[in-house]
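Q: My structure is in model.txt, and what it holds is compact mmCIF, C-alpha atoms:
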```txt
# COMPACT_ATOMS: atom_id res chain seq x y z
CA MET A 1173 202.65 107.84 168.82
CA SER A 1174 199.08 106.53 168.87
CA HIS A 1175 196.52 106.97 166.11
CA ILE A 1176 194.66 109.57 168.18
CA GLU A 1177 197.78 111.51 169.22
CA SER A 1178 198.86 111.63 165.57
CA GLY A 1179 195.59 113.36 164.73
CA TRP A 1180 194.19 110.53 162.60
CA GLY A 1181 191.36 109.68 164.98
CA ALA A 1182 190.57 106.58 166.99
CA GLY A 1183 191.49 103.17 165.63
CA PRO A 1184 188.72 100.79 164.57
CA SER A 1185 188.81 98.71 167.78
CA SER A 1186 189.88 98.82 171.41
CA ARG A 1187 192.83 96.55 170.65
CA TYR A 1188 193.97 98.39 167.53
CA GLU A 1189 196.87 100.23 169.14
CA GLN A 1190 198.23 97.00 170.59
CA LEU A 1191 197.95 95.37 167.17
CA ALA A 1192 199.49 98.32 165.34
CA GLU A 1193 202.43 98.68 167.73
CA ARG A 1194 203.57 95.24 166.62
CA PHE A 1195 204.08 96.51 163.07
CA ARG A 1196 205.01 100.19 163.40
CA PRO A 1197 208.75 99.52 163.83
CA VAL A 1198 208.61 97.54 160.57
CA PHE A 1199 206.67 100.34 158.87
CA GLN A 1200 209.35 102.81 159.98
CA LYS A 1201 212.10 100.63 158.49
CA ILE A 1202 210.13 100.34 155.25
CA HIS A 1203 209.55 104.09 155.06
CA ALA A 1204 213.23 104.84 155.67
CA GLY A 1205 214.24 103.35 152.33
CA ALA A 1206 211.16 104.17 150.26
CA ILE A 1207 212.63 107.11 148.33
CA GLU A 1208 215.90 105.32 147.55
CA ARG A 1209 214.00 102.27 146.29
CA GLU A 1210 211.90 104.53 144.10
CA LEU A 1211 214.89 106.37 142.64
CA GLN A 1212 217.02 103.25 142.13
CA ARG A 1213 214.12 100.95 141.16
CA GLN A 1214 214.98 98.46 143.87
CA LEU A 1215 212.31 95.81 144.25
CA PRO A 1216 211.10 95.50 147.88
CA LEU A 1217 211.98 91.84 148.31
CA GLU A 1218 213.52 92.38 151.73
CA GLN A 1219 210.63 94.54 152.88
CA ILE A 1220 208.06 91.91 151.87
CA ALA A 1221 210.08 89.39 153.88
CA TRP A 1222 209.85 91.68 156.93
CA LEU A 1223 206.06 91.72 156.62
CA LYS A 1224 205.94 87.92 156.35
CA GLN A 1225 208.21 87.40 159.31
CA GLY A 1226 206.24 89.86 161.43
CA GLY A 1227 202.91 88.17 160.75
CA PHE A 1228 201.43 90.97 158.67
CA THR A 1229 200.48 88.70 155.78
CA ALA A 1230 198.59 86.46 158.25
CA LEU A 1231 196.58 89.28 159.82
CA ARG A 1232 193.20 87.80 158.94
CA VAL A 1233 194.17 84.18 159.52
CA PRO A 1234 192.55 82.80 162.69
CA GLU A 1235 194.75 82.55 165.77
CA SER A 1236 194.10 78.80 165.79
CA HIS A 1237 196.14 78.57 162.58
CA GLY A 1238 198.95 80.94 163.57
CA GLY A 1239 197.44 84.25 162.47
CA LEU A 1240 196.20 87.30 164.34
CA GLY A 1241 192.47 87.05 163.63
CA ALA A 1242 192.15 90.72 162.65
CA THR A 1243 188.80 92.17 161.63
CA LEU A 1244 188.42 93.85 158.27
CA PRO A 1245 188.41 97.38 159.76
CA GLU A 1246 191.61 96.51 161.65
CA LEU A 1247 193.16 95.18 158.44
CA PHE A 1248 192.30 98.30 156.46
CA ALA A 1249 193.55 100.65 159.17
CA LEU A 1250 196.88 98.82 159.10
CA LEU A 1251 196.96 98.94 155.29
CA ILE A 1252 196.67 102.72 155.48
CA GLU A 1253 199.65 102.81 157.85
CA LEU A 1254 201.63 100.52 155.54
CA GLY A 1255 200.62 102.67 152.56
CA GLU A 1256 202.05 105.68 154.36
CA ALA A 1257 205.36 103.81 154.64
CA ASP A 1258 205.39 102.64 151.00
CA SER A 1259 202.32 102.36 148.81
CA ASN A 1260 203.99 99.75 146.59
CA LEU A 1261 203.84 97.18 149.37
CA VAL A 1262 200.09 97.42 149.94
CA GLN A 1263 199.38 96.85 146.29
CA SER A 1264 201.97 94.06 146.14
CA ILE A 1265 200.07 91.97 148.71
CA ARG A 1266 196.58 92.91 147.50
CA GLY A 1267 196.09 89.63 145.62
CA HIS A 1268 197.35 87.69 148.61
CA LEU A 1269 194.88 89.40 150.92
CA GLY A 1270 192.07 88.53 148.52
CA PHE A 1271 193.16 84.89 148.46
CA VAL A 1272 193.06 84.87 152.26
CA GLU A 1273 189.46 86.15 152.14
CA ASN A 1274 188.56 83.39 149.70
CA VAL A 1275 189.92 80.79 152.10
CA LEU A 1276 188.16 82.36 155.09
CA ASN A 1277 184.84 82.37 153.23
CA SER A 1278 185.14 78.78 152.02
CA GLY A 1279 183.33 76.05 153.89
CA SER A 1280 185.03 73.48 156.08
CA SER A 1281 187.14 71.41 153.70
CA PRO A 1282 190.64 70.03 153.11
CA PHE A 1283 191.25 73.10 150.89
CA ARG A 1284 190.49 75.46 153.76
CA ASP A 1285 192.58 73.58 156.30
CA LYS A 1286 195.53 73.20 153.93
CA TRP A 1287 195.64 76.85 153.03
CA LEU A 1288 195.01 78.25 156.50
CA THR A 1289 198.02 76.28 157.67
CA ARG A 1290 200.18 77.63 154.85
CA LEU A 1291 198.93 81.19 155.28
CA GLY A 1292 199.44 81.01 159.03
CA ARG A 1293 203.11 80.21 158.35
CA GLY A 1294 203.34 83.47 156.42
CA GLU A 1295 203.33 82.03 152.92
CA ILE A 1296 202.18 84.50 150.27
CA VAL A 1297 199.92 83.83 147.31
CA GLY A 1298 200.14 86.11 144.28
CA PRO A 1299 197.46 86.56 141.60
CA ALA A 1300 197.49 85.68 137.91
CA TRP A 1301 194.01 86.35 136.56
CA SER A 1302 194.03 89.24 134.08
CA GLU A 1303 194.88 88.62 130.43
CA THR A 1304 195.57 90.89 127.49
CA GLY A 1305 195.29 90.40 123.76
CA ASP A 1306 192.55 87.92 122.84
CA ALA A 1307 191.19 87.51 126.41
CA ARG A 1308 187.42 87.64 126.81
CA GLN A 1309 185.19 88.17 129.79
CA SER A 1310 183.55 84.76 129.45
CA GLU A 1311 186.71 82.62 129.40
CA PHE A 1312 190.47 82.56 129.82
CA SER A 1313 193.00 81.71 127.15
CA THR A 1314 195.17 80.24 129.89
CA HIS A 1315 194.09 76.62 130.20
CA ILE A 1316 194.91 73.13 131.41
CA ALA A 1317 194.90 69.92 129.39
CA ARG A 1318 195.08 66.36 130.64
CA SER A 1319 198.44 64.64 130.51
CA GLY A 1320 198.16 61.05 131.74
CA GLU A 1321 196.96 61.10 135.34
CA SER A 1322 197.66 64.82 135.76
CA TRP A 1323 197.32 68.05 133.78
CA ARG A 1324 199.55 70.61 132.12
CA LEU A 1325 199.07 74.35 132.40
CA ASN A 1326 199.83 76.76 129.57
CA GLY A 1327 199.16 80.46 129.23
CA ARG A 1328 200.25 84.01 129.82
CA LYS A 1329 198.96 86.57 132.30
CA PHE A 1330 199.46 90.28 132.94
CA TYR A 1331 198.81 92.49 136.00
CA THR A 1332 200.16 89.65 138.15
CA THR A 1333 200.75 92.13 140.95
CA GLY A 1334 203.10 90.87 143.65
CA SER A 1335 203.48 87.38 142.19
CA LEU A 1336 207.20 87.97 141.82
CA TYR A 1337 207.35 88.24 145.63
CA SER A 1338 205.07 85.30 146.38
CA ASP A 1339 205.48 81.66 147.33
CA TRP A 1340 202.44 80.54 145.34
CA ILE A 1341 200.49 81.87 142.36
CA ASP A 1342 196.72 81.57 142.09
CA ILE A 1343 195.77 81.42 138.41
CA GLY A 1344 192.40 81.88 136.76
CA ILE A 1345 192.03 79.36 133.92
CA THR A 1346 189.61 77.53 131.65
CA ASP A 1347 189.63 73.75 132.09
CA GLU A 1348 189.33 71.12 129.35
CA ASN A 1349 185.53 71.33 129.56
CA GLY A 1350 185.48 75.10 129.10
CA LYS A 1351 184.71 75.69 132.77
CA GLY A 1352 186.29 78.52 134.74
CA VAL A 1353 188.42 77.22 137.60
CA SER A 1354 191.64 78.21 139.30
CA VAL A 1355 194.91 76.43 139.97
CA THR A 1356 197.49 77.31 142.58
CA VAL A 1357 201.11 76.48 141.80
CA SER A 1358 204.46 77.15 143.37
CA ARG A 1359 206.13 80.26 141.98
CA THR A 1360 209.33 78.24 141.62
CA ALA A 1361 207.72 75.29 139.81
CA GLU A 1362 209.29 74.21 136.54
CA GLY A 1363 207.77 76.16 133.65
CA VAL A 1364 206.71 79.18 135.76
CA THR A 1365 208.32 82.49 134.79
CA VAL A 1366 207.43 85.80 136.42
CA LEU A 1367 208.87 88.86 134.71
CA ASP A 1368 209.65 92.24 136.20
CA ASP A 1369 208.28 94.04 133.14
CA TRP A 1370 205.72 96.39 134.69
CA ASN A 1371 206.49 99.70 132.98
CA GLY A 1372 203.73 101.93 134.29
CA PHE A 1373 204.83 105.37 135.45
CA GLY A 1374 203.39 104.79 138.93
CA GLN A 1375 203.45 102.05 141.56
CA THR A 1376 206.62 101.02 139.80
CA LEU A 1377 207.79 98.44 142.34
CA THR A 1378 204.64 96.31 142.55
CA ALA A 1379 205.78 93.67 140.04
CA SER A 1380 202.49 94.05 138.18
CA GLY A 1381 203.72 92.59 134.93
CA THR A 1382 203.76 89.25 133.14
CA ALA A 1383 203.65 85.64 134.31
CA ILE A 1384 204.20 82.82 131.82
CA PHE A 1385 203.17 79.21 132.37
CA ALA A 1386 204.77 76.75 129.97
CA ASN A 1387 203.66 73.13 130.31
CA VAL A 1388 203.52 73.38 134.12
CA ALA A 1389 202.61 70.10 135.82
CA ILE A 1390 199.30 70.33 137.73
CA ALA A 1391 198.08 67.77 140.25
CA ALA A 1392 194.40 67.17 140.86
CA ASP A 1393 194.46 68.87 144.27
CA ASP A 1394 195.97 72.01 142.70
CA ILE A 1395 192.66 72.63 140.91
CA ASN A 1396 189.96 74.62 142.70
CA GLU A 1397 186.51 75.73 141.72
CA GLU A 1398 186.60 79.33 140.49
CA ILE A 1399 185.22 80.91 143.64
CA HIS A 1400 185.25 84.51 144.76
CA PHE A 1401 184.08 85.65 148.13
CA ARG A 1402 180.91 87.60 147.61
CA TYR A 1403 182.24 91.04 148.56
CA SER A 1404 185.44 90.65 146.52
CA PRO A 1405 184.94 93.60 144.10
CA ALA A 1406 184.38 96.01 146.98
CA PHE A 1407 187.28 94.47 148.94
CA TYR A 1408 189.81 94.80 146.13
CA GLN A 1409 188.73 98.35 145.33
CA LEU A 1410 188.85 99.39 148.97
CA ILE A 1411 192.46 98.19 149.19
CA HIS A 1412 193.29 100.72 146.49
CA LEU A 1413 191.47 103.40 148.46
CA ALA A 1414 193.39 102.45 151.61
CA THR A 1415 196.59 102.75 149.60
CA LEU A 1416 195.51 106.21 148.45
CA ALA A 1417 194.77 107.23 152.02
CA GLY A 1418 198.24 106.05 153.02
CA ILE A 1419 199.77 108.10 150.21
CA GLY A 1420 197.81 111.07 151.52
CA ARG A 1421 199.43 110.71 154.92
CA ALA A 1422 202.88 110.21 153.43
CA GLN A 1423 202.77 113.25 151.18
CA SER A 1424 201.32 115.52 153.84
CA GLY A 1425 204.07 114.43 156.23
CA GLU A 1426 206.92 114.84 153.77
CA VAL A 1427 205.72 118.24 152.59
CA ALA A 1428 205.27 119.41 156.19
CA GLN A 1429 208.87 118.37 156.93
CA GLN A 1430 210.16 120.20 153.86
CA VAL A 1431 208.27 123.36 154.78
CA ALA A 1432 209.52 123.21 158.37
CA SER A 1433 213.15 123.04 157.24
CA ARG A 1434 212.87 125.52 154.36
CA THR A 1435 214.90 128.70 154.83
CA ARG A 1436 214.26 130.38 151.48
CA THR A 1437 211.13 132.40 150.89
CA TYR A 1438 209.69 134.72 148.26
CA SER A 1439 209.94 138.51 148.44
CA ASN A 1440 206.15 138.70 148.17
CA GLY A 1441 205.60 136.07 150.86
CA ASN A 1442 203.90 136.66 154.19
CA ALA A 1443 206.71 135.82 156.60
CA PRO A 1444 210.50 135.54 156.78
CA ARG A 1445 210.24 131.74 156.76
CA ALA A 1446 207.91 129.41 154.89
CA ALA A 1447 207.01 127.71 158.18
CA GLN A 1448 205.43 131.00 159.32
CA ASP A 1449 203.69 131.88 156.04
CA ALA A 1450 199.92 131.58 156.43
CA GLN A 1451 199.32 130.73 152.78
CA ILE A 1452 201.95 128.00 152.79
CA LEU A 1453 200.48 126.58 155.98
CA GLN A 1454 197.08 126.57 154.31
CA VAL A 1455 198.40 124.36 151.51
CA VAL A 1456 199.91 121.92 154.00
CA GLY A 1457 196.69 121.93 156.02
CA ARG A 1458 194.67 120.99 152.97
CA LEU A 1459 197.00 118.08 152.25
CA ARG A 1460 196.53 116.77 155.76
CA GLY A 1461 192.78 117.32 155.62
CA ALA A 1462 192.59 115.25 152.44
CA ALA A 1463 194.55 112.46 154.12
CA TYR A 1464 192.37 112.52 157.23
CA SER A 1465 189.12 112.50 155.28
CA SER A 1466 190.28 109.70 153.00
CA GLY A 1467 191.28 107.50 155.91
CA ALA A 1468 188.00 108.11 157.71
CA ILE A 1469 186.03 107.18 154.58
CA VAL A 1470 188.04 103.98 154.06
CA LEU A 1471 187.51 102.80 157.63
CA HIS A 1472 183.79 103.54 157.45
CA ALA A 1473 183.48 101.48 154.26
CA ALA A 1474 185.55 98.70 155.83
CA SER A 1475 182.79 98.27 158.41
CA ALA A 1476 180.39 97.53 155.55
CA LEU A 1477 182.75 94.79 154.35
CA GLN A 1478 182.83 93.35 157.84
CA ARG A 1479 179.04 93.21 157.87
CA ALA A 1480 179.10 91.37 154.54
CA TYR A 1481 181.66 88.90 155.90
CA ASP A 1482 179.60 88.29 159.03
CA ALA A 1483 176.42 87.87 156.98
CA HIS A 1484 178.05 85.05 155.02
CA PHE A 1485 177.95 82.93 158.17
CA SER A 1486 174.46 83.96 159.25
CA GLY A 1487 172.66 81.23 157.32
CA ASP A 1488 170.31 83.85 155.87
CA GLN A 1489 170.86 84.18 152.11
CA ASP A 1490 168.72 87.29 151.72
CA HIS A 1491 170.59 88.97 154.55
CA GLU A 1492 173.92 88.14 152.94
CA ASN A 1493 172.78 89.33 149.51
CA HIS A 1494 171.71 92.67 150.95
CA ALA A 1495 174.88 93.10 153.02
CA VAL A 1496 177.07 92.39 149.98
CA ALA A 1497 175.14 94.86 147.82
CA ILE A 1498 175.34 97.59 150.46
CA ALA A 1499 179.08 97.02 150.89
CA GLU A 1500 179.57 97.44 147.15
CA LEU A 1501 177.43 100.59 147.25
CA GLU A 1502 179.39 102.12 150.12
CA VAL A 1503 182.71 101.52 148.39
CA SER A 1504 181.28 102.90 145.12
CA GLN A 1505 180.17 106.03 146.97
CA SER A 1506 183.68 106.38 148.40
CA LEU A 1507 185.77 105.75 145.32
CA ASN A 1508 185.62 109.00 143.41
CA VAL A 1509 185.61 111.14 146.54
CA VAL A 1510 188.85 109.60 147.81
CA SER A 1511 190.42 109.50 144.34
CA ASP A 1512 189.63 113.15 143.65
CA LEU A 1513 190.87 114.27 147.08
CA LEU A 1514 194.23 112.63 146.54
CA LEU A 1515 194.61 113.51 142.85
CA ASN A 1516 194.11 117.15 143.78
CA ALA A 1517 196.34 117.00 146.85
CA SER A 1518 199.21 115.24 145.06
CA SER A 1519 199.23 118.05 142.49
CA THR A 1520 198.78 121.06 144.78
CA LEU A 1521 201.48 119.90 147.21
CA PHE A 1522 204.05 121.57 144.94
CA ASP A 1523 202.52 124.96 145.75
CA ALA A 1524 203.94 124.68 149.26
CA LEU A 1525 207.56 124.39 148.16
CA GLY A 1526 208.11 126.05 144.80
CA ALA A 1527 210.46 124.79 142.12
CA SER A 1528 212.72 122.98 144.55
CA ALA A 1529 209.87 120.49 145.09
CA THR A 1530 210.56 119.14 141.60
CA LEU A 1531 214.12 118.04 142.44
CA LYS A 1532 214.46 114.33 141.77
CA PRO A 1533 216.09 113.38 145.11
CA LEU A 1534 212.88 114.38 146.92
CA ALA A 1535 210.80 112.07 144.68
CA LEU A 1536 207.66 114.06 145.46
CA ASP A 1537 206.42 113.34 141.96
CA ARG A 1538 205.95 109.71 142.98
CA PHE A 1539 202.83 110.66 144.93
CA TRP A 1540 200.94 112.01 141.92
CA ARG A 1541 202.19 109.17 139.70
CA ASN A 1542 201.11 106.58 142.25
CA VAL A 1543 197.73 108.19 142.91
CA ARG A 1544 197.03 108.50 139.20
CA THR A 1545 198.00 104.87 138.61
CA LEU A 1546 195.87 103.52 141.46
CA SER A 1547 192.92 105.64 140.37
CA SER A 1548 193.24 104.16 136.90
CA HIS A 1549 193.24 100.59 138.23
CA ASN A 1550 189.86 101.16 139.83
CA PRO A 1551 187.04 101.50 137.22
CA ARG A 1552 186.14 104.84 138.71
CA ILE A 1553 184.30 106.30 135.72
CA TYR A 1554 181.41 103.88 136.30
CA LYS A 1555 180.94 104.50 140.00
CA ASP A 1556 178.98 107.74 140.00
CA ARG A 1557 176.51 106.22 137.54
CA ILE A 1558 176.08 103.12 139.72
CA VAL A 1559 175.53 105.27 142.81
CA GLY A 1560 173.15 107.56 140.97
CA ASP A 1561 171.17 104.59 139.69
CA PHE A 1562 170.72 103.43 143.27
CA ALA A 1563 169.73 106.90 144.48
CA VAL A 1564 167.18 107.47 141.72
CA ASN A 1565 165.93 103.98 140.88
CA GLY A 1566 166.92 101.83 143.85
CA THR A 1567 169.11 99.67 141.61
CA LEU A 1568 171.68 97.75 143.62
CA PRO A 1569 175.26 97.61 142.30
CA PRO A 1570 176.34 94.63 140.19
CA GLU A 1571 177.88 91.96 142.38
CA GLN A 1572 180.75 90.73 140.22
CA TRP A 1573 182.73 91.90 137.26
CA ARG A 1574 185.69 90.64 135.29
CA ILE A 1575 188.13 92.53 133.12
CA GLY A 1576 188.21 91.28 129.56
CA VAL A 1577 190.43 92.72 126.85
CA ALA A 1578 193.00 95.11 128.25
```
Let me see whether you can do it: turn the structure in this file into structure tokens.
A:
Amino acid sequence: MSHIESGWGAGPSSRYEQLAERFRPVFQKIHAGAIERELQRQLPLEQIAWLKQGGFTALRVPESHGGLGATLPELFALLIELGEADSNLVQSIRGHLGFVENVLNSGSSPFRDKWLTRLGRGEIVGPAWSETGDARQSEFSTHIARSGESWRLNGRKFYTTGSLYSDWIDIGITDENGKGVSVTVSRTAEGVTVLDDWNGFGQTLTASGTAIFANVAIAADDINEEIHFRYSPAFYQLIHLATLAGIGRAQSGEVAQQVASRTRTYSNGNAPRAAQDAQILQVVGRLRGAAYSSGAIVLHAASALQRAYDAHFSGDQDHENHAVAIAELEVSQSLNVVSDLLLNASSTLFDALGASATLKPLALDRFWRNVRTLSSHNPRIYKDRIVGDFAVNGTLPPEQWRIGVA
């Protein structure tokens, strides 16, 4: 069924349906096992492999290098659909998608050519940037030191989301001169250990835990300047919002199915079956309305990211600066609206089904847990202030930020 026929509105481009039809059978397979994976804590290794094999991880890679050349609005629309199937998978490839954007925004170079080739083959790059404990915003404790003609990497990272499922790990480090750079190493290299120790109550299958690097050999061409594409904060935050929008669709669909099949009702209800009870239908309608609104907001903000991407290649620095700032502003304006819509919806969904909605086999609690976790990952408490500062004083949002002590 098309995006329009499903009631979610038109896709972001004339070719979107053709693009989406390629992946919808995979999404259906992923969705079919989502509850069992949640209940049994089964990591989605096979499901990630399906996405790789189908070309999903190479969506943004140019066709000349084996990808599909998707626009940012097309990417985010597909992320919403994947989030509906299983929100863990969107978050698991979030770091990879950011690495792809870095490569796309880099100038013509051996680095760009090397990585576009690898990415076009479906290879996945996981992130290892955040640190806990004595980490500071200005530098990383993870570092490299010279060892003969090469270097050795040592350190420990947390929130290495999806790295357990990746082929490569991109690591933020401090070099021997105190400069911030990054290194990209094979996940299976000697001295690399990725632990499945993420113990958050939501997004439990994203492998967002610890990576340890113990005397890992680093070649000179593994070291890259610490670069971030200019719209990276907005991009990473919008992925979380797309995941939330996908959760909105999933929970509205599952609750609607439960209501449709429910035979029990209350003596003070409005109809002999829940499916005919106006008040129950109102609850379900609100869930779907929250999902629709969230998706529409995400796709609108994705257009701002596309403008920032296009501006990078315009040759006009002022134009790019403005486009990046406006993209950050649009995502900031979206963040709390989408988060609040889904936090409310994932709680009120239980009003449609009564106590039976709390039965563990349904796993309906995963929606609130996942929404709450994603909303905590985004620094949402700062966004209304940033937006208000723009509205009142014309102050543009800060361009970059880094998490320091966790």
Q: Could you tell me how far CA of Leu1525 (chain A) sits from CA of Gln1430 (chain A), in Å to one decimal place?
A: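 For CA of Gln1430 (chain A) relative to CA of Leu1525 (chain A), the distance reads 7.5 Å.
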Q: Rounded to one decimal place, report the CA of Thr1332 (chain A)-CA of Asn1371 (chain A) distance in Å.
A: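 Straight-line distance from CA of Thr1332 (chain A) to CA of Asn1371 (chain A) works out to 13.0 Å.
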Q: One number please: CA of Thr1360 (chain A) to CA of Trp1340 (chain A), in Å, one decimal.
A: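 Straight-line distance from CA of Thr1360 (chain A) to CA of Trp1340 (chain A) works out to 8.2 Å.
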Q: Might you pull out every residue within 8 Å of Gln1375 (chain A), with all atoms listed in the file counted and same-chain residues fewer than 2 positions away left off, and present them as a list in words?
A: Ser1259, Asn1260, Gly1372, Phe1373, Leu1377, Thr1378, Arg1541, Asn1542, Thr1545 and Leu1546 of chain A
Q: Go through region 1383-1429 of chain A and flag each residue having an atom no more than 8 Å from region 1240-1257 of chain A; for those, report the closest pair of atoms plus their distance in Å to one decimal, using all atoms listed in the file, ordered by chain and rising number, as a tab-separated table.
A:
```
residue	atom	partner	partner_atom	distance
A:Ile1411	CA	A:Phe1248	CA	7.3
A:Ala1414	CA	A:Ile1252	CA	5.1
A:Thr1415	CA	A:Gly1255	CA	5.0
A:Leu1416	CA	A:Gly1255	CA	7.5
A:Ala1417	CA	A:Ile1252	CA	6.0
A:Gly1418	CA	A:Glu1256	CA	4.1
A:Ile1419	CA	A:Glu1256	CA	5.3
A:Gly1420	CA	A:Glu1256	CA	7.4
A:Arg1421	CA	A:Glu1256	CA	5.7
A:Ala1422	CA	A:Glu1256	CA	4.7
```
Q: Kindly add all heavy atoms to the incomplete region 1351-1358 of chain A and provide the output as a short mmCIF file (atom, residue, chain, number, x, y, z; two decimals), in the frame of the given file.
A:
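Saved as result39.cif:
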```cif
data_model
loop_
_atom_site.label_atom_id
_atom_site.label_comp_id
_atom_site.auth_asym_id
_atom_site.auth_seq_id
_atom_site.Cartn_x
_atom_site.Cartn_y
_atom_site.Cartn_z
N LYS A 1351 185.19 75.16 131.51
CA LYS A 1351 184.71 75.69 132.77
C LYS A 1351 185.78 76.58 133.43
O LYS A 1351 186.96 76.27 133.37
CB LYS A 1351 184.33 74.55 133.72
CG LYS A 1351 183.78 74.99 135.06
CD LYS A 1351 183.45 73.77 135.92
CE LYS A 1351 182.93 74.18 137.29
NZ LYS A 1351 182.65 73.00 138.14
N GLY A 1352 185.36 77.66 134.04
CA GLY A 1352 186.29 78.52 134.74
C GLY A 1352 186.66 77.94 136.10
O GLY A 1352 185.78 77.69 136.93
N VAL A 1353 187.92 77.71 136.32
CA VAL A 1353 188.42 77.22 137.60
C VAL A 1353 189.70 77.99 137.91
O VAL A 1353 190.10 78.89 137.17
CB VAL A 1353 188.70 75.70 137.58
CG1 VAL A 1353 187.41 74.92 137.32
CG2 VAL A 1353 189.74 75.35 136.52
N SER A 1354 190.34 77.63 139.01
CA SER A 1354 191.64 78.21 139.30
C SER A 1354 192.60 77.10 139.71
O SER A 1354 192.18 76.04 140.18
CB SER A 1354 191.55 79.26 140.42
OG SER A 1354 191.23 78.66 141.66
N VAL A 1355 193.88 77.35 139.50
CA VAL A 1355 194.91 76.43 139.97
C VAL A 1355 195.93 77.26 140.76
O VAL A 1355 196.15 78.43 140.46
CB VAL A 1355 195.61 75.68 138.81
CG1 VAL A 1355 194.64 74.78 138.08
CG2 VAL A 1355 196.27 76.66 137.84
N THR A 1356 196.49 76.64 141.76
CA THR A 1356 197.49 77.31 142.58
C THR A 1356 198.78 76.52 142.51
O THR A 1356 198.81 75.33 142.85
CB THR A 1356 197.01 77.42 144.04
OG1 THR A 1356 195.69 77.97 144.06
CG2 THR A 1356 197.93 78.33 144.84
N VAL A 1357 199.83 77.17 142.02
CA VAL A 1357 201.11 76.48 141.80
C VAL A 1357 202.23 77.22 142.50
O VAL A 1357 202.13 78.42 142.80
CB VAL A 1357 201.43 76.37 140.29
CG1 VAL A 1357 200.33 75.63 139.55
CG2 VAL A 1357 201.65 77.75 139.67
N SER A 1358 203.29 76.52 142.77
CA SER A 1358 204.46 77.15 143.37
C SER A 1358 205.08 78.12 142.37
O SER A 1358 205.19 77.83 141.18
CB SER A 1358 205.49 76.07 143.74
OG SER A 1358 206.72 76.68 144.13
#
```
